[in-house]
Amino acid sequence: MDQRPRLDDVAARVGVSTASVSLVLRGAPGPSAETRRRVLEAAAELGYRADRTASMLARRRRHLLGVMLDIRSPFHAELVEEIQAEADQVGYEVVLSTLTRHRDEDRAIETLLDFRCEAVLLLGPDAADQRLASLAAQVPVVAIGRRVATGDVDVVRPADHVGVAEALAHLIGLGHRRIAFVDGGRGVVAAARRRGYRDGMRRAGLADEIRIIAGDHTEEGGIRAGRLLAASPDRPTAVMASNDRCAVGVMDAFVRAGIEVPGHVSIVGYDDSTLAHLVHIDLTTVNQDAAAQARHAVLAAVQRLDEGRKQRLEVVLNPRLVVRGSTGPPPRPEDQSLGR
């Protein structure tokens with residue numbers, strides 16, 4: 001069996017040192033433009049690929065950022081893409097560890113530690129503050145998307161109360177008063193958005209209209225809540241869901257029940273994920289600026305690792321409402337009755 005091409009094979013083909021080849025392949029300064037061209041051509045011809053594992057083991061620093069994400073979340077996928085782009089800019093690699101129906105946060109985090117990641121970026125973790133603080137005593141931790149009150153955990157999160165308030169102001173401005181909220185479950189992020197809904201309704205003088213329907217951050221949870229609302233004799237004229245996936249589930253249940261969106265009921269989501277952009281969904285939703293969250297999260301980790309920052313960091317970003325076709329004025333009473 002042919003041996004895998006090595007660094008010195010590329011160097012011999014070009015007639016330069018292995019150090020020069022290494023500089024070219026790492027994109028480091030030094031070699032001339034002509035040398036870079038020749039090295040890259042030789043590497044392509046020989047089929048050379050860097051052995052990243054050996055390279056990392058040969059250095060004291062691994063330059064690995066571990067990222068925990070929910071594989072079912074379109075918004076997490078968007079965040080990871082932005083994190084990867086930011087990590088590439090500063091010379092770090094990204095290791096992913098996923099949450100699934102059968103794989104919890106503890107296992108996902110342990111995998112990142114097993115890979116000896118230098119820092120871990122946790123997307124919307126539900127772990128208790130004390131658990132995150134304990135983890136931060138072992139390795140730099142950046143919690144993305146939620147507040148952490150204790151420990152040395154860096155935080156990058158949206159101001160959820162601002163995002164929810166903008167969504168409610170939009171609906172109220174259209175004339176809605178009976179605005180229900182489909183809850184996201186027991187997680188920390190869901191709790192923050194649920195609290196934002198309660199506070200926003202009270203500030204608008206609509207405390208008597210507060211109505212929270214049990215749900216979760218999945219399409220299935222939204223479908224269950226949507227069916228309940230569709231069958232309700234006092235159906236709301238607008239629904240806000242804790243995230244886009246849940247909102248899409250609510251929309252699906254309404255459409256199947258013959259309830260037009262937004263003709264009979266307006267729907268707002270949260271995340272501005274790729275789902276919301278689809279023309280047949282066209283969801284009004286809250287954008288959290290995934291690119292900015294990723295940029296600040298990677299910067300927080302790199303500041304800890306490369307610059308020796310010790311003090312805790314919290315970055316709070318203001319989200320913005322993106323208005324699309326799923327919201328409109330409330331129906332007239334006679335029109336709403338047609339959607340039953």
# chains A, B, ... in the order shown; residues from 1 in each chain; ligands from 1
call {"tool": "closest_atom_pairs", "arguments": {"of": "range 225-314 of chain A", "to": "range 162-180 of chain A", "cutoff": "7 Å", "atoms": "only C-alpha atoms", "output": "Markdown table"}}
result
| residue | atom | partner | partner_atom | distance |
| --- | --- | --- | --- | --- |
| A:Pro236 | CA | A:Arg178 | CA | 4.9 |
| A:Thr237 | CA | A:Arg178 | CA | 5.7 |
| A:Ala238 | CA | A:Ile179 | CA | 4.8 |
| A:Val239 | CA | A:Ala180 | CA | 4.8 |
| A:Met240 | CA | A:Ala180 | CA | 6.3 |
| A:Val286 | CA | A:Gly163 | CA | 6.0 |
call {"tool": "residues_around", "arguments": {"residues": "range 73-90 of chain A", "least_positions_apart": "4", "cutoff": "10 Å", "atoms": "only C-alpha atoms", "output": "ChimeraX atom specification"}}
result
/A:63-65,67-69,94-96,99,121,123-124,144,217-218,243-245,270-275,288-299,302
call {"tool": "closest_residue", "arguments": {"among": "A:Val189, A:Ala149, A:Met201, A:Lys310", "to": "Ala137 in chain A", "atoms": "only C-alpha atoms"}}
result
A:Lys310
call {"tool": "closest_residue", "arguments": {"among": "A:Ile281, A:Val188, A:Ile71, A:Val268", "to": "Asp252 in chain A", "atoms": "only C-alpha atoms"}}
result
A:Ile281
call {"tool": "closest_residue", "arguments": {"among": "A:Ser134, A:Gly27, A:Val139, A:Gly249", "to": "Gly91 in chain A", "atoms": "only C-alpha atoms"}}
result
A:Gly27
call {"tool": "residues_around", "arguments": {"residues": "range 190-196 of chain A", "least_positions_apart": "5", "cutoff": "8 Å", "atoms": "only C-alpha atoms", "output": "JSON, numbers by chain"}}
result
{"A": [160, 161, 162, 164, 165, 181, 183, 184, 185, 242]}
call {"tool": "select_by_dssp", "arguments": {"residues": "range 179-297 of chain A", "states": "strand (DSSP E)", "output": "ChimeraX atom specification"}}
result
/A:179-182,212-213,238-241,266-268,285-287
call {"tool": "atom_distance", "arguments": {"atom1": "CA of Pro329 in chain A", "atom2": "CA of Val250 in chain A"}}
result
18.4 Å
call {"tool": "atom_distance", "arguments": {"atom1": "CA of Ser22 in chain A", "atom2": "CA of Tyr48 in chain A"}}
result
11.9 Å
call {"tool": "closest_residue", "arguments": {"among": "A:Asp114, A:Glu34, A:Asp282, A:Asp154", "to": "Leu132 in chain A", "atoms": "only C-alpha atoms"}}
result
A:Asp154
call {"tool": "closest_residue", "arguments": {"among": "A:Glu105, A:Glu41, A:Glu118, A:Asp70", "to": "Asp306 in chain A", "atoms": "only C-alpha atoms"}}
result
A:Glu118
call {"tool": "closest_residue", "arguments": {"among": "A:Ser17, A:Val182, A:Leu122, A:Pro319", "to": "Asp216 in chain A", "atoms": "only C-alpha atoms"}}
result
A:Val182
call {"tool": "select_by_dssp", "arguments": {"residues": "range 190-238 of chain A", "states": "helix (DSSP H, G or I)", "output": "list in words"}}
result
Ala190, Ala191, Ala192, Arg193, Arg194, Arg195, Gly196, Tyr197, Arg198, Asp199, Gly200, Met201, Arg202, Arg203, Ala207, Asp208, Glu209, Glu219, Glu220, Gly221, Gly222, Ile223, Arg224, Ala225, Gly226, Arg227, Leu228, Leu229 and Ala230 of chain A
